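Just below is one structure, and these are the notes that go with it.
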Amino acid sequence: MLPSSSDLSRAILCLSDPQAPNNLKQSAFQYLQRIKEDTEHVWELCMHLIMNPSESGDASQHNTHSTNTATQVLFWCFQTLADYIQHHATLLHQNNQLSRIQDALMPHWIVQVGLKSEFQMYMKTRYAVTVAKLFKITYLHEWTQFFPNLFSILQQTGSEQQQVVAIDFFIRILKAIDEEVVEKLIHRGYEEKDQNQLIKDKMRDDCIENVARAFYMILAKKHQELTNDCLDLLPNYSDWAPIELFTTDQYADMYLELVRDPRFRRKTCDCLAKIALKGMKQHEDKLALFQKLKYMPLLTNLIVDSKEDPEFAACFAALANNTALQLLESWYHFEYPSNEALRNDQSHREKTQAAHQMLMQIQPLMFCLLSDDDEQVSSNVTQYVSDFISTLRKRNLATSPLTSSEIDQMQRVFQVVVTKCKYPDDFHFDVSEQNEYDVGFLEYRRAIISIYAALTRAVPQKAKEWLFPLLNQTVQHYDQMHWTQIEVILTLFVHTVLNTTPESVDPKGNFFPPAFAAIVKSGISSVNNPAVQYAFFDVFWRCSIFVQHDSTLIEPMLKIFVDERGMRNPVPMVRSRSRYLFLTFMKATQNELTPFVERIYDSIRDFMQFELSRDTVDPQSTVTREKYNLYEAIGSLLASPHADPNIVRHVINRIMKTLLEQITQILNQELYKNDTEQVPAFQTLIAESLGGIMFLTKAFPSKGKNATICTESKQVLVVVHQLLKQVPTSNIVRGQITTYLRTVSHVVSATQIMDDVLPILETFQNIAKDPVSTQEFIDLLQPFPYKMKRSENAQLKQNFHTMTSSFIYPLTAKVFGYLVSEYWSNPLAEVHTSLLKLHRSYIQFLEVLLVQGFHEVLMVDANQFQTLLQGLLRSCGHASPPLVRSSLNVFKSMVEKWAGQNQSFTQFCFQQIIPLCFTLPTNNNFDLEDASWYMVLGDIVDVLRTIGKNCGNSFVEFMVQQYLPSLNLSQPMINQLMEVLANSKKSAAQKSFRNMFAAQQRNEQDDLVNDTSKAHRMGSDSRSV
């Protein structure tokens, strides 16, 4: 028995009434949910109300029903029906009810209801979406009369307003079909893509000519809203339909008419801009398209004024940009053919000439638009200008130099760049204060600078000739210039250096080094503007290579870095930038600056001090990170092979002594006990001091002579061990200890690891009492297998083997003990973040251990090894693709070592790993359409192939005679699968596996639908009884 329409209407209206009590709303919501879940009757109820809208509303309170009330009920019905069609179409198929819905919805509903009511736009759109979803599942086989029904809407007689409504419905239905079937931005599965392709193929044969004629008829009406809507939709269909249907002489004339009409010119430009990008097999077809639609006369003869109508000017510029880009691509294809023999072909030369002629015809317009005062207009053509200039790099300028006209064009572009790149006076450099205009200008400026980058790469000599007079003028008269001019010239100088090869443009060093020296020695650095100062330090960074040409620049550069122009600058943005670039500058000029390392340290020592703060307690704050950069900068100089060992030892000792004394004082006086949970000030100071040591150590190479840092690290490791014992529960301190130990493990020798780091590890293991600290302990172990593998000391390797064997299984028990049942049921939940990190670290450590060849560590205890294997099997069923991949890689390493050699493990492969490979992709969380899960299929293929390689015939016999038949696979499918595993490339095997499991999922879904339908029928029978 169907629920009454009045009850349903009251529930819908109650739910949408903002003044209704919450308890009534909740009851209404639950009532509507129960109706939706009644998959046998909900569609009938929706159709009843859709076809009888007069029954909408609360009859007890309304004698008549307003359009708004009916619309709310109809909207719910259409939305519910659309969802039902999308998710329960099989039930409608089985009950042969689709035809009832088809006949009722179109054209009957539009004729009887839609044209006679004043519905809001959202209501019309919801109706169109419902029709489109029904169309998608029925058009290929059942709804053969869809388009005759659709076109009949346009033939309805009635008032002019009703004809307008009919066209509106027509456009909305076609737009909804486009979104359901064609829209490229919507993610679709492979099966859905194939189905959509079949729909488009049938539409090409069935209706697309009539659609094109209908579009033309709508355009010809020149109704402001309908014509603009049609112009929006038309290119979506012309993109996949035969383009000649939309490029007839009538269409060409219509486009020209519409583009001259202020009501339609913006949308017409947008439409033609999309048509210009239509994919075509031959480039000559694209030229013919432009000629047929008269693009050149339209673009070159239309008068555009960005001050009068900036939005139209921007649309026009976008049309010009798309057209010019397509012409440029066609000309480039003809001018530089892959087959050089085509150059002598008369027909090919004619095509080249035609493309070049059209391109040159539009070229002046493009440069004019680039220089337009409106930034949006200029921005819309930057892509073409940049691409055009880039094509000059292909040209041999020695044999085919630029013409005077081309040189003038390039110089004009250069002048536009200089003008357009200037910051507005009211620009907000503080990111927190930037508004929409500031963000838009930055994006536009980046596009303009990309044009200059293309210019410097294409004609570097000319760029140099145009820039350097301006640079010399800036250096000499900076005090008489506006700051925006200075900033632009410095920025362009940086990009000239970045985008040219100084050796080719300035082989004798007569240009760039002197210019850089002039900038350094000028007073530009004292200009009191953050943008200029920012650009000035960028010059330091990008041009530091030129220091080797003039060593006298070192001292003034260092002075600028450390005084009020740099690290002591009152502007935070400049101060932070200078400290960051100081590190890159030190690395780039390491050999030149190494002799100054002690003087440099003395000049920046006050910046490097960590101080107790009751406000800032983040050891990774911006200020702290800037200090870390300074430690790394000093470290990069100390790590130079040209550094004086005595100076290196002296400076490291000074730095370490200062930081260690600070940590030791806090430990000895137990000042950390004064910390609170909200403000752990002393713990933060310890972490910062240890972080400074870590960044100093980090600068030293993992391979090389690091005797001094290794010696000094012994003292640090003693203090670190003391920290672990005294402050074991501090997450801040322990986290920094973990980072330091991992860093120092890459620098010190394997012997020192075993002598000095191993005791710390033992202590760390004892204090690891929760998932976070256990994960940190595992992270500490990661570098050791790699380090020990490369050690030539056999005793060290044996000691490492013994050490790892002693903790691997207690660690395994601890890890899986933390992974409680709630974690396995929802491992990606936010509350399980720490457990997920622990799980990943553990699996990754096993992976590293096996990759480095320490397999035997895991075989010390056979019973514990079986426990580990069972944990790995469970990990393979995890919801995180990276963790699953790591688990499979662990299995692969084990298979490579033991499969076919160890009888027990070989049996495990056949009984557990092979079934895992075939059941894993059937898990609910395994998404075959997701790229990360698709990579897992590749790992599965690798594991199976590795088993086959190691086990040979026994693997083939097991698969063919036992396992695959148990999956109910036919013999041809078994043969095909074994052939794929044996001979196909990995990518082909991945695809085959995906197709196999996708087919299996479809079969399971069909079975589920059949079972559901059967259950509904049985339920219906029982209600009848």
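Here's how to read the names in the structure tokens: chain A, B, ... by the order shown, residue numbers from 1 in each chain, ligand numbers from 1 in the order shown.
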### Task
Find the residues around A:Tyr818 up to 8 Å (only C-alpha atoms counted), leave out those fewer than 3 positions away in its own chain, and share them as an NGL selection string.
:A and (771 or 814-815 or 835)
### Message
as a list in words, please: the residues near A:Glu661 (cut-off 12 Å, only C-alpha atoms, same-chain neighbours under 3 positions excluded).
### Response
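Within the cut-off, the hits are Asn653, Arg654, Ile655, Met656, Lys657, Thr658, Thr664, Gln665, Ile666, Leu667, Asn668, Gln669, Ile686, Ser689, Leu690, Gln715, Val716 and Val719 of chain A.
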### Message
Env of A:Thr743: 8 Å cut, atoms = only C-alpha atoms, seq-sep filter 4 positions within chain, self excluded. Answer as a list in words.
### Response
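The residues that qualify are Met694, Thr697, Lys698, Thr739 and Val747 of chain A.
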Using only C-alpha atoms, please write the residues we just selected to a file, as a PDB file, in the first residue's frame.
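Printed below is selection33.pdb as written:
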```pdb
ATOM      1  CA  MET A 694      71.265  18.443  13.999  1.00  0.00           C
ATOM      2  CA  THR A 697      75.568  17.910  11.365  1.00  0.00           C
ATOM      3  CA  LYS A 698      73.185  17.612   8.426  1.00  0.00           C
ATOM      4  CA  THR A 739      65.614  13.332  14.085  1.00  0.00           C
ATOM      5  CA  VAL A 747      77.359  10.885   8.924  1.00  0.00           C
TER       6      VAL A 747
END
```
### Query
So which bits of stretch 309-431 of chain A end up alpha helix (DSSP H) when you DSSP the backbone, as JSON, numbers by chain?
{"A": [310, 311, 312, 313, 314, 315, 316, 317, 318, 319, 320, 321, 322, 323, 324, 325, 326, 327, 328, 329, 330, 331, 332, 333, 334, 335, 346, 347, 348, 349, 350, 351, 352, 353, 354, 355, 356, 357, 358, 359, 360, 361, 362, 363, 364, 365, 366, 367, 368, 369, 370, 375, 376, 377, 378, 379, 382, 383, 384, 385, 386, 387, 388, 389, 390, 391, 404, 405, 406, 407, 408, 409, 410, 411, 412, 413, 414, 415, 416, 417, 418, 419, 420]}
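Atom CA of A:Gly877 sits 11.4 Å away from atom CA of A:Val936.
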### Of the listed residues A:Gln775, A:Gln976, A:Gln197, A:Asn228, that which approaches A:Ile171 most closely, counting only C-alpha atoms
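Among the listed residues, the smallest separation from A:Ile171 belongs to A:Asn228.
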